[in-house]
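This is upload_10.txt (compact mmCIF, C-alpha atoms).
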```txt
# COMPACT_ATOMS: atom_id res chain seq x y z
CA MET A 650 46.71 50.28 116.94
CA MET A 651 48.42 48.65 119.89
CA ILE A 652 52.06 47.72 120.17
CA LEU A 653 53.91 45.45 122.60
CA PRO A 654 57.54 45.62 123.84
CA ARG A 655 58.24 43.05 121.13
CA PHE A 656 62.04 42.99 121.32
CA LYS A 657 62.41 42.92 125.10
CA ASP A 658 63.60 39.29 125.04
CA SER A 659 65.82 39.72 121.96
CA PRO A 660 69.60 39.26 122.35
CA HIS A 661 70.40 42.81 121.15
CA PHE A 662 68.03 44.40 123.71
CA LYS A 663 69.18 42.21 126.60
CA HIS A 664 72.85 42.79 125.81
CA PHE A 665 72.47 46.56 125.48
CA TRP A 666 70.67 46.95 128.82
CA GLY A 667 72.48 44.12 130.62
CA LYS A 668 76.11 44.66 129.57
CA GLY A 669 76.36 47.42 126.98
CA ASN A 670 75.76 51.16 126.81
CA GLY A 671 72.27 50.76 128.27
CA LYS A 672 73.82 49.30 131.43
CA GLN A 673 76.25 52.25 131.52
CA LEU A 674 73.29 54.67 131.18
CA ILE A 675 71.52 52.98 134.12
CA ASP A 676 74.71 53.26 136.23
CA PHE A 677 75.18 56.87 135.10
CA SER A 678 71.61 57.93 135.88
CA GLY A 679 70.38 55.71 138.71
CA ALA A 680 67.38 54.73 136.53
CA GLU A 681 64.96 52.02 137.60
CA VAL A 682 63.89 50.41 134.34
CA SER A 683 60.69 48.38 133.98
CA PHE A 684 57.75 48.01 131.60
CA LYS A 685 55.08 49.32 133.96
CA ASP A 686 54.57 52.57 131.99
CA PHE A 687 54.87 50.96 128.57
CA GLU A 688 51.26 51.57 127.49
CA LYS A 689 51.37 55.18 128.61
CA PHE A 690 54.21 55.82 126.14
CA SER A 691 53.68 53.27 123.36
CA ARG A 692 50.58 55.02 121.99
CA TYR A 693 52.89 57.83 120.82
CA PHE A 694 54.32 55.41 118.25
CA TYR A 695 51.19 56.21 116.24
CA HIS A 696 50.97 59.88 117.23
CA VAL A 697 52.21 62.77 115.07
CA ASP A 698 52.36 66.57 115.15
CA GLU A 699 49.00 67.28 113.49
CA VAL A 700 49.37 71.04 113.88
CA GLY A 701 52.60 71.03 111.82
CA ASP A 702 51.01 68.73 109.23
CA GLU A 703 48.06 71.10 108.77
CA VAL A 704 50.41 74.06 108.22
CA VAL A 705 52.26 72.12 105.52
CA LYS A 706 48.97 71.18 103.82
CA GLU A 707 47.63 74.76 103.95
CA VAL A 708 50.82 76.67 103.17
CA TYR A 709 53.44 74.45 101.47
CA PHE A 710 51.06 72.32 99.40
CA THR A 711 49.13 75.30 98.03
CA LYS A 712 52.00 77.35 96.56
CA LYS A 713 55.58 77.14 95.33
CA PHE A 714 58.03 75.88 97.94
CA HIS A 715 60.15 79.06 98.09
CA GLU A 716 57.02 81.24 98.40
CA ALA A 717 55.73 79.08 101.26
CA SER A 718 59.13 79.23 102.98
CA ARG A 719 59.21 83.01 102.69
CA GLU A 720 55.72 83.25 104.16
CA ILE A 721 56.64 81.04 107.14
CA GLU A 722 59.87 83.03 107.70
CA ASN A 723 57.82 86.18 107.87
CA TYR A 724 55.57 84.63 110.58
CA ILE A 725 58.61 83.41 112.53
CA ARG A 726 60.26 86.84 112.53
CA ASN A 727 57.19 89.00 113.09
CA GLY A 728 54.87 86.71 115.02
CA VAL A 729 51.20 85.98 114.43
CA SER A 730 48.26 87.46 116.33
CA GLU A 731 44.65 86.31 116.63
CA THR A 732 43.50 89.09 114.28
CA ASP A 733 45.97 88.36 111.45
CA ASP A 734 44.54 87.11 108.19
CA VAL A 735 46.43 83.82 108.08
CA PRO A 736 45.36 80.16 107.80
CA GLU A 737 43.86 78.70 110.98
CA SER A 738 46.64 76.10 111.27
CA VAL A 739 49.30 78.85 111.21
CA LYS A 740 47.50 80.64 114.04
CA LYS A 741 47.41 77.43 116.01
CA LEU A 742 51.13 76.70 115.49
CA PHE A 743 52.28 80.18 116.45
CA THR A 744 49.86 80.53 119.36
CA GLN A 745 51.50 77.42 120.83
CA THR A 746 55.12 78.34 120.10
CA GLN A 747 54.74 82.02 121.14
CA GLN A 748 53.23 80.88 124.45
CA ILE A 749 56.07 80.58 126.98
CA PRO A 750 55.39 77.47 129.11
CA GLU A 751 55.13 78.09 132.85
CA TRP A 752 58.00 75.71 133.56
CA LEU A 753 60.53 77.54 131.39
CA ASP A 754 63.59 78.71 133.33
CA TYR A 755 65.93 81.02 131.39
CA SER A 756 68.85 80.53 133.77
CA LEU A 757 68.72 76.76 133.10
CA LEU A 758 68.64 77.39 129.34
CA LYS A 759 71.78 79.49 129.81
CA SER A 760 73.55 76.73 131.82
CA GLY A 761 72.66 74.14 129.17
CA ALA A 762 73.95 76.36 126.36
CA GLU A 763 77.18 77.03 128.29
CA LEU A 764 77.90 73.34 128.70
CA CYS A 765 77.35 72.78 124.96
CA MET A 766 79.80 75.58 124.14
CA ARG A 767 82.29 74.83 126.92
CA SER A 768 82.70 71.22 125.77
CA ASN A 769 83.97 72.56 122.43
CA ILE A 770 84.99 69.84 119.93
CA ASP A 771 83.98 67.09 122.38
CA SER A 772 80.38 68.24 121.85
CA LEU A 773 80.75 67.65 118.12
CA ILE A 774 82.50 64.29 118.61
CA SER A 775 79.67 63.23 120.93
CA LEU A 776 76.95 64.25 118.49
CA ARG A 777 78.59 62.49 115.59
CA ASP A 778 80.33 59.42 117.00
CA TYR A 779 77.81 58.46 119.67
CA CYS A 780 74.41 60.16 119.23
CA LEU A 781 74.14 60.05 115.45
CA ILE A 782 75.93 56.83 114.58
CA GLY A 783 74.49 55.06 117.65
CA GLY A 784 71.01 56.03 116.45
CA TYR A 785 71.60 54.14 113.21
CA ASP A 786 71.50 50.88 115.20
CA TYR A 787 67.70 51.30 115.57
CA ALA A 788 66.42 50.00 112.25
CA TYR A 789 62.86 51.36 112.38
CA LEU A 790 63.97 54.81 113.51
CA ASN A 791 65.89 55.15 110.23
CA LYS A 792 63.03 54.15 107.93
CA PRO A 793 61.98 57.75 107.14
CA LEU A 794 65.58 58.50 106.10
CA THR A 795 65.49 55.56 103.70
CA ALA A 796 62.00 56.44 102.44
CA THR A 797 62.96 60.07 101.72
CA GLU A 798 66.18 58.87 100.07
CA ALA A 799 68.31 60.88 102.46
CA LEU A 800 71.28 58.67 101.56
CA LYS A 801 71.35 60.16 98.07
CA LYS A 802 71.74 63.61 99.57
CA GLY A 803 75.01 62.49 101.16
CA ALA A 804 76.40 62.62 104.68
CA VAL A 805 78.16 65.99 104.28
CA LYS A 806 74.82 67.72 103.67
CA ARG A 807 73.02 65.76 106.40
CA LEU A 808 75.75 66.49 108.94
CA SER A 809 75.82 70.13 107.95
CA GLU A 810 72.04 70.44 108.57
CA THR A 811 72.25 68.73 111.97
CA LEU A 812 75.20 70.91 112.97
CA ASP A 813 73.43 74.07 111.79
CA PHE A 814 70.39 73.22 113.91
CA TRP A 815 72.38 72.13 116.99
CA VAL A 816 74.78 75.12 117.02
CA ASN A 817 71.98 77.63 116.51
CA ALA A 818 69.83 76.09 119.25
CA THR A 819 72.63 76.06 121.84
CA ARG A 820 73.90 79.67 121.91
CA TYR A 821 73.00 82.38 124.44
CA ASP A 822 69.37 83.52 124.14
CA ALA A 823 68.98 81.39 120.98
CA LEU A 824 65.51 80.19 121.96
CA GLN A 825 63.94 83.59 122.62
CA ILE A 826 60.87 84.04 120.42
CA HIS A 827 61.95 85.21 116.91
CA ALA A 828 65.63 84.40 117.66
CA LYS A 829 67.77 82.05 115.54
CA GLY A 830 67.26 78.87 117.59
CA TYR A 831 63.51 79.45 117.75
CA GLU A 832 63.51 79.90 113.97
CA PHE A 833 65.41 76.64 113.48
CA ALA A 834 62.99 74.76 115.74
CA ILE A 835 59.92 75.94 113.78
CA LYS A 836 61.54 75.23 110.41
CA THR A 837 62.70 71.79 111.54
CA ARG A 838 59.20 71.02 112.79
CA LEU A 839 57.73 71.86 109.38
CA ILE A 840 60.44 69.89 107.55
CA HIS A 841 59.42 66.87 109.65
CA SER A 842 55.76 67.37 108.72
CA TYR A 843 56.62 67.84 105.06
CA ALA A 844 58.74 64.66 105.05
CA ARG A 845 56.06 62.69 106.91
CA LEU A 846 53.29 63.69 104.49
CA SER A 847 55.55 62.95 101.50
CA VAL A 848 56.40 59.49 102.87
CA LYS A 849 52.72 58.71 103.47
CA LYS A 850 51.84 59.86 99.97
CA HIS A 851 54.67 58.38 97.90
CA TYR A 852 56.14 55.45 99.85
CA LYS A 853 53.56 52.73 99.41
CA GLU A 854 55.60 50.12 101.34
CA TRP A 855 55.40 52.07 104.61
CA ASP A 856 54.48 49.55 107.34
CA THR A 857 52.70 51.69 109.95
CA GLU A 858 51.87 48.84 112.28
CA ASN A 859 55.51 47.78 112.73
CA TRP A 860 57.40 51.00 112.07
CA GLY A 861 54.95 53.43 113.64
CA GLU A 862 53.85 56.61 111.87
CA PRO A 863 56.73 58.26 109.94
CA ILE A 864 58.60 60.63 112.31
CA ASN A 865 56.18 59.81 115.13
CA SER A 866 56.22 61.50 118.55
CA TRP A 867 57.85 58.54 120.30
CA ASP A 868 60.72 58.43 117.82
CA MET A 869 61.08 62.19 118.22
CA MET A 870 61.39 61.70 121.98
CA ALA A 871 64.21 59.18 121.42
CA THR A 872 66.02 61.58 119.08
CA TYR A 873 65.92 64.37 121.67
CA ILE A 874 67.09 62.00 124.40
CA GLY A 875 70.08 61.56 122.08
CA PHE A 876 70.77 65.30 122.32
CA SER A 877 70.48 65.30 126.12
CA LEU A 878 71.12 62.00 127.92
CA VAL A 879 73.36 60.31 125.34
CA PHE A 880 75.23 63.55 124.70
CA LEU A 881 75.93 64.00 128.45
CA HIS A 882 77.02 60.39 128.83
CA SER A 883 79.41 60.84 125.93
CA LEU A 884 80.94 64.01 127.41
CA LYS A 885 81.50 62.15 130.66
CA LYS A 886 83.16 59.22 128.87
CA LEU A 887 85.51 61.70 127.18
CA GLY A 888 86.61 63.03 130.57
CA ASN A 889 84.49 66.17 130.80
CA THR A 890 82.99 67.22 134.11
CA PHE A 891 79.80 69.24 134.54
CA SER A 892 77.90 70.76 137.43
CA GLU A 893 74.42 69.72 138.54
CA GLU A 894 73.15 73.03 137.20
CA GLU A 895 74.65 72.38 133.74
CA GLU A 896 73.23 68.86 133.70
CA LYS A 897 69.76 70.17 134.55
CA GLY A 898 70.32 72.87 131.93
CA ILE A 899 70.93 70.39 129.10
CA PHE A 900 67.66 68.56 129.81
CA HIS A 901 65.80 71.85 130.16
CA LEU A 902 67.18 73.23 126.90
CA TRP A 903 66.15 70.15 124.90
CA LYS A 904 62.82 69.96 126.69
CA TYR A 905 62.05 73.46 125.42
CA VAL A 906 63.32 72.71 121.91
CA GLY A 907 61.12 69.59 121.97
CA TYR A 908 58.15 71.71 123.07
CA LEU A 909 58.73 74.10 120.14
CA LEU A 910 58.94 71.11 117.81
CA GLY A 911 55.52 69.90 118.90
CA ILE A 912 56.63 66.85 120.91
CA PRO A 913 54.04 66.18 123.66
CA GLU A 914 55.34 67.53 126.98
CA GLN A 915 54.90 64.25 128.85
CA LEU A 916 57.54 62.71 126.55
CA LEU A 917 60.19 65.28 127.42
CA PRO A 918 62.36 64.18 130.37
CA ASP A 919 63.65 66.54 133.07
CA SER A 920 66.55 64.40 134.28
CA LYS A 921 68.97 61.65 133.27
CA LYS A 922 67.06 59.15 135.42
CA GLN A 923 63.77 59.91 133.69
CA ALA A 924 65.41 60.02 130.24
CA THR A 925 66.98 56.56 130.72
CA GLU A 926 63.65 55.09 131.85
CA PHE A 927 61.85 56.63 128.84
CA PHE A 928 64.58 55.46 126.46
CA HIS A 929 64.50 51.88 127.81
CA LEU A 930 60.79 51.57 126.92
CA TRP A 931 61.30 52.96 123.42
CA THR A 932 64.24 50.64 122.58
CA SER A 933 62.02 47.61 123.27
CA VAL A 934 60.13 48.22 119.99
CA GLN A 935 63.25 48.71 117.86
CA PRO A 936 65.04 45.86 116.06
CA PRO A 937 68.84 46.04 115.65
CA SER A 938 70.75 47.35 112.60
CA ASP A 939 69.69 46.26 109.15
CA LYS A 940 71.36 46.84 105.77
CA ASP A 941 70.13 50.46 105.63
CA SER A 942 71.68 51.09 109.08
CA ILE A 943 75.03 49.86 107.81
CA LEU A 944 74.79 52.06 104.71
CA LEU A 945 73.97 55.12 106.85
CA ALA A 946 76.84 54.41 109.27
CA HIS A 947 79.36 53.95 106.47
CA SER A 948 78.13 57.03 104.67
CA LEU A 949 78.82 58.99 107.89
CA LEU A 950 82.28 57.43 108.38
CA ASN A 951 83.24 58.18 104.78
CA GLU A 952 82.03 61.76 105.09
CA SER A 953 85.52 62.68 106.34
CA LEU A 954 87.01 61.47 103.04
CA GLU A 955 84.45 63.25 100.85
CA ASN A 956 84.43 66.53 102.71
CA PRO A 957 86.78 69.10 101.11
CA ILE A 958 87.18 71.17 104.33
CA LEU A 959 90.56 69.50 104.86
CA LYS A 960 92.80 70.10 101.88
CA PHE A 961 94.94 66.95 101.76
CA LYS A 962 93.91 63.34 101.43
CA PHE A 963 96.15 62.18 104.31
CA GLN A 964 94.39 64.70 106.64
CA ARG A 965 90.99 63.37 105.62
CA THR A 966 92.08 59.75 106.06
CA ASN A 967 93.45 60.57 109.49
CA LEU A 968 90.22 62.34 110.50
CA ARG A 969 88.20 59.27 109.48
CA TYR A 970 90.54 57.11 111.59
CA LEU A 971 90.04 59.37 114.64
CA HIS A 972 86.24 59.23 114.25
CA ILE A 973 86.40 55.42 114.02
CA CYS A 974 88.50 55.33 117.22
CA CYS A 975 85.92 57.50 119.01
CA THR A 976 83.01 55.41 117.73
CA TRP A 977 84.58 52.19 119.09
CA PHE A 978 85.33 53.99 122.37
CA LEU A 979 81.88 55.50 122.85
CA LEU A 980 79.63 52.71 121.54
CA ASP A 981 79.27 49.06 122.54
CA ASP A 982 81.49 46.63 120.67
CA GLU A 983 78.29 44.74 119.77
CA VAL A 984 76.75 47.82 118.17
CA CYS A 985 79.99 48.60 116.30
CA LYS A 986 80.09 45.04 114.95
CA ARG A 987 76.46 45.21 113.84
CA LEU A 988 77.12 48.51 112.03
CA GLN A 989 80.31 46.97 110.57
CA ILE A 990 82.53 49.76 111.89
CA PRO A 991 86.04 48.91 110.62
CA GLU A 992 88.59 47.47 113.04
CA VAL A 993 91.57 49.82 113.43
CA SER A 994 94.81 49.57 115.38
CA ASN A 995 95.57 51.52 118.60
CA ARG A 996 91.99 52.62 118.72
CA LYS A 997 92.02 53.57 122.41
CA LEU A 998 95.00 55.89 122.10
CA PHE A 999 93.17 59.00 120.82
CA PRO A 1000 90.19 58.85 123.27
CA LYS A 1001 92.54 58.20 126.23
CA THR A 1002 94.72 61.15 125.19
CA LYS A 1003 91.57 63.26 124.89
CA ILE A 1004 90.54 62.36 128.48
CA LEU A 1005 93.98 63.30 129.81
CA PHE A 1006 93.96 66.57 127.86
CA ASN A 1007 90.48 67.47 129.22
CA LYS A 1008 91.61 66.93 132.81
CA ILE A 1009 94.59 69.26 132.38
CA TYR A 1010 92.70 71.83 130.27
CA ASP A 1011 89.90 72.06 132.86
CA THR A 1012 92.34 72.93 135.64
CA ILE A 1013 94.37 75.56 133.82
CA VAL A 1014 91.76 77.40 131.72
CA SER A 1015 88.88 79.32 133.30
CA ARG A 1016 85.28 78.32 132.63
CA ASP A 1017 84.51 81.62 130.88
CA ALA A 1018 87.52 81.28 128.61
CA ARG A 1019 86.50 77.71 127.72
CA ILE A 1020 82.94 78.85 126.89
CA LYS A 1021 84.26 81.65 124.64
CA LYS A 1022 86.76 79.40 122.88
CA GLY A 1023 84.22 76.58 122.47
CA ASP A 1024 81.66 78.94 120.95
CA LYS A 1025 84.24 80.32 118.52
CA ASP A 1026 85.59 76.88 117.50
CA GLN A 1027 82.11 75.39 116.98
CA MET A 1028 81.03 78.40 114.91
CA LYS A 1029 84.15 77.95 112.77
CA VAL A 1030 83.34 74.26 112.12
CA LEU A 1031 79.76 75.22 111.20
CA GLU A 1032 80.96 77.98 108.84
CA ASP A 1033 83.28 75.51 107.10
CA TYR A 1034 80.43 73.02 106.63
CA LEU A 1035 78.02 75.65 105.37
CA ARG A 1036 80.62 76.98 102.94
CA VAL A 1037 81.30 73.50 101.57
CA THR A 1038 77.62 72.60 101.14
CA LYS A 1039 76.88 75.96 99.54
CA ASN A 1040 79.70 75.51 97.04
CA SER A 1041 78.67 71.97 96.21
CA ASN A 1042 75.12 73.23 95.55
CA LEU A 1043 76.49 75.59 92.92
CA HIS A 1044 77.80 72.78 90.75
```

Structure re-expressed in structure tokens:
Amino acid sequence: MMILPRFKDSPHFKHFWGKGNGKQLIDFSGAEVSFKDFEKFSRYFYHVDEVGDEVVKEVYFTKKFHEASREIENYIRNGVSETDDVPESVKKLFTQTQQIPEWLDYSLLKSGAELCMRSNIDSLISLRDYCLIGGYDYAYLNKPLTATEALKKGAVKRLSETLDFWVNATRYDALQIHAKGYEFAIKTRLIHSYARLSVKKHYKEWDTENWGEPINSWDMMATYIGFSLVFLHSLKKLGNTFSEEEEKGIFHLWKYVGYLLGIPEQLLPDSKKQATEFFHLWTSVQPPSDKDSILLAHSLLNESLENPILKFKFQRTNLRYLHICCTWFLLDDEVCKRLQIPEVSNRKLFPKTKILFNKIYDTIVSRDARIKKGDKDQMKVLEDYLRVTKNSNLH
């Protein structure tokens, strides 16, 4: 199947890249956007991780889910060798993920992890109020979430899973083979395959020609550009500074995570310039928000009210207000209007205060102390989320 950059003349695309956040990304990265490489990338709209799919068919679809999960955990922790008596697909998956690519640079992984930790709560604000909610504006990207009825699971659980993955992938040495981040990458890869095969089997309305394959490689690229390029842009908007080494580190870290997840290497950018150019091509096949996008965005906004981490209602209402302020600050007004983000008063006050605070904090607290504190604070947020989702599972 062939696809064209069908939305390149649409108002939403032109506004985003001409006046909105896309324009800011071009200014931020020095990207030179064009459609000359469109065909090189667009074929990945119909490309999936076949290795992961085969593992799911051979392991998960042949036994009980918890037995299959235990088996995979055993392979993750102990590795797989050519002589092991395991399914061929499992050998293939672990041969690839246990093979360290020649380009991998551990010092860059360390710099990327340090920036994630050092940026403390701003990292979490960026992930939630820019990367995640901004992603909901791309209607076709969200189709697998709708098809797998992720909305019914609720935003608290979805956020908790994203946070668990992100925190565990961005600590020191997290991506060493058999370590926690490596484990999360393999498990996430197989969850994607499981979801994709389920969608193809049970969701008869799936429109492959228009929406691409469920959780296709091109959509995966866009998601990981969210964790690198969009995340960096958000930190900058919130008044954080970062060195060239840290910037390179963020792209390197997510390039390696993407490699472990089975995303083709040629889709994984090395720099903000490359990432913006890749992202520009992908957005040309995505229509703007639809009704499902609005439901997903509102489910995320209302997560603050539903989440029992904060004890009192007024605290939860205030937290929702702060997230709304950050969303308006970080995203285009056009995108916020499409997602029907509520209008609130004094919405620039909190982000502007945050920027001022970051400038002062950066000058008076050492880098090492900020990394330590950020790591501790992020781990605390994750523990709270995991506790809450565990308790809600008990009921």

Exercise for review: Between CA of Ala717 (chain A) and CA of Ala823 (chain A), measure the distance and give it in Å to one decimal.
Suggested key: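 Result for CA of Ala717 (chain A) versus CA of Ala823 (chain A): 23.9 Å, one decimal.
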
Check your understanding: Within 9 Å of region 914-916 of chain A, counting all atoms listed in the file, which residues qualify if same-chain residues fewer than 6 places away don't, as a ChimeraX atom specification?
Key -> /A:690,693,866-867,870,904,907-908,927

Write out as a short mmCIF file (atom, residue, chain, number, x, y, z; two decimals) with C-alpha atoms, keeping the file's coordinate frame the residues lying within 9 Å of Arg969 (chain A), counting all atoms listed in the file and excluding same-chain residues fewer than 2 positions away.
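Result file is out.cif:
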```cif
data_model
loop_
_atom_site.label_atom_id
_atom_site.label_comp_id
_atom_site.auth_asym_id
_atom_site.auth_seq_id
_atom_site.Cartn_x
_atom_site.Cartn_y
_atom_site.Cartn_z
CA LEU A 950 82.28 57.43 108.38
CA ASN A 951 83.24 58.18 104.78
CA GLU A 952 82.03 61.76 105.09
CA SER A 953 85.52 62.68 106.34
CA LEU A 954 87.01 61.47 103.04
CA GLN A 964 94.39 64.70 106.64
CA ARG A 965 90.99 63.37 105.62
CA THR A 966 92.08 59.75 106.06
CA ASN A 967 93.45 60.57 109.49
CA LEU A 971 90.04 59.37 114.64
CA HIS A 972 86.24 59.23 114.25
CA ILE A 973 86.40 55.42 114.02
CA CYS A 974 88.50 55.33 117.22
#
```

Review point. From the set A:Ile840, A:Ala804, A:Ile652, A:Ala762, which residue has the shortest atom-to-atom contact distance to Ser877 (chain A), counting only C-alpha atoms?
Key: A:Ala762

Considering all atoms listed in the file, return as a PDB file with C-alpha atoms, in the frame of the given file whatever protein or nucleic-acid residues lie within 12 Å of Ile1009 (chain A), sequence-local ones (same chain, fewer than 5 positions apart) excluded.
```pdb
ATOM      1  CA  GLY A 888      86.610  63.030 130.570  1.00  0.00           C
ATOM      2  CA  ASN A 889      84.490  66.170 130.800  1.00  0.00           C
ATOM      3  CA  THR A 890      82.990  67.220 134.110  1.00  0.00           C
ATOM      4  CA  THR A1002      94.720  61.150 125.190  1.00  0.00           C
ATOM      5  CA  LYS A1003      91.570  63.260 124.890  1.00  0.00           C
ATOM      6  CA  ILE A1004      90.540  62.360 128.480  1.00  0.00           C
ATOM      7  CA  VAL A1014      91.760  77.400 131.720  1.00  0.00           C
ATOM      8  CA  SER A1015      88.880  79.320 133.300  1.00  0.00           C
TER       9      SER A1015
END
```

Review point. What's the 12 Å shell around His696 (chain A), counting only C-alpha atoms, without same-chain residues fewer than 6 positions away, as a VMD selection string?
Key: chain A and resid 650 to 651 690 702 845 857 861 to 870 911 to 913 916

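With all atoms listed in the file as the atoms that count, the residue of A:Lys668, A:Arg807, A:His827, A:Lys706 with the shortest distance to Leu846 (chain A) is A:Lys706.
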
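In this model, the gap between CA of Asp698 (chain A) and CA of Ser842 (chain A) comes to 7.3 Å.
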
Point to revise | Closest of A:Tyr905, A:Ser691, A:Tyr852, A:Arg987 to Leu794 (chain A) - atom-to-atom distances counting only C-alpha atoms | key: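 Ranked by minimum distance to Leu794 (chain A), first place goes to A:Tyr852.
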
Please enclose the listed atoms of region 921-939 of chain A in an axis-aligned box, pad each side by 5 Å, and write out the centre and the three edge lengths in Å, rounded to one decimal, as lines of an AutoDock Vina configuration file.
```
center_x = 65.4
center_y = 53.8
center_z = 122.3
size_x = 20.6
size_y = 25.8
size_z = 36.3
```

Check your understanding: Quick one: of A:Phe963, A:Trp815, A:Phe999, A:Phe662, who's nearest to Cys765 (chain A), counting only C-alpha atoms?
Key ->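 Comparing A:Phe963, A:Trp815, A:Phe999, A:Phe662 against Cys765 (chain A), the winner is A:Trp815.
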
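In this model, the gap between CA of Gln923 (chain A) and CA of Arg655 (chain A) comes to 21.7 Å.
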
Could you list, as a PDB file with C-alpha atoms, in the coordinates of the input, every residue within 12 Å of Lys1029 (chain A), counting all atoms listed in the file and ignoring same-chain residues fewer than 6 positions away?
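New file around_11.pdb:
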```pdb
ATOM      1  CA  ASN A 769      83.970  72.560 122.430  1.00  0.00           C
ATOM      2  CA  ILE A 770      84.990  69.840 119.930  1.00  0.00           C
ATOM      3  CA  LEU A 812      75.200  70.910 112.970  1.00  0.00           C
ATOM      4  CA  ASP A 813      73.430  74.070 111.790  1.00  0.00           C
ATOM      5  CA  VAL A 816      74.780  75.120 117.020  1.00  0.00           C
ATOM      6  CA  ILE A 958      87.180  71.170 104.330  1.00  0.00           C
ATOM      7  CA  LYS A1022      86.760  79.400 122.880  1.00  0.00           C
ATOM      8  CA  GLY A1023      84.220  76.580 122.470  1.00  0.00           C
ATOM      9  CA  LEU A1035      78.020  75.650 105.370  1.00  0.00           C
ATOM     10  CA  ARG A1036      80.620  76.980 102.940  1.00  0.00           C
TER      11      ARG A1036
END
```

**Study point:** Selected residue of minimal separation from Ile826 (chain A) among A:Arg719, A:Arg726, A:Lys1025, A:Arg838, counting only C-alpha atoms
**Key:**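 For Ile826 (chain A), the nearest of the candidates is A:Arg726.
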
Practice item. Give as a PyMOL selection string every residue, naming chains and numbers as the document does, that has an atom within 9 Å of (59.7, 84.4, 115.8), counting only C-alpha atoms. Key: chain A and resi 722-729+743+746-747+825-829+831-832+835

May I have the selected residues written with C-alpha atoms, as a compact mmCIF listing (two decimals), keeping the file's coordinate frame?
```
# COMPACT_ATOMS: atom_id res chain seq x y z
CA GLU A 722 59.87 83.03 107.70
CA ASN A 723 57.82 86.18 107.87
CA TYR A 724 55.57 84.63 110.58
CA ILE A 725 58.61 83.41 112.53
CA ARG A 726 60.26 86.84 112.53
CA ASN A 727 57.19 89.00 113.09
CA GLY A 728 54.87 86.71 115.02
CA VAL A 729 51.20 85.98 114.43
CA PHE A 743 52.28 80.18 116.45
CA THR A 746 55.12 78.34 120.10
CA GLN A 747 54.74 82.02 121.14
CA GLN A 825 63.94 83.59 122.62
CA ILE A 826 60.87 84.04 120.42
CA HIS A 827 61.95 85.21 116.91
CA ALA A 828 65.63 84.40 117.66
CA LYS A 829 67.77 82.05 115.54
CA TYR A 831 63.51 79.45 117.75
CA GLU A 832 63.51 79.90 113.97
CA ILE A 835 59.92 75.94 113.78
```

Exercise for review: Choose the residue, out of A:Glu737, A:Leu944, A:Ser718, A:Asp1033, that has the smallest atom-to-atom separation from Pro957 (chain A); count all atoms listed in the file.
Suggested key: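 Smallest distance to Pro957 (chain A) is found for A:Asp1033.
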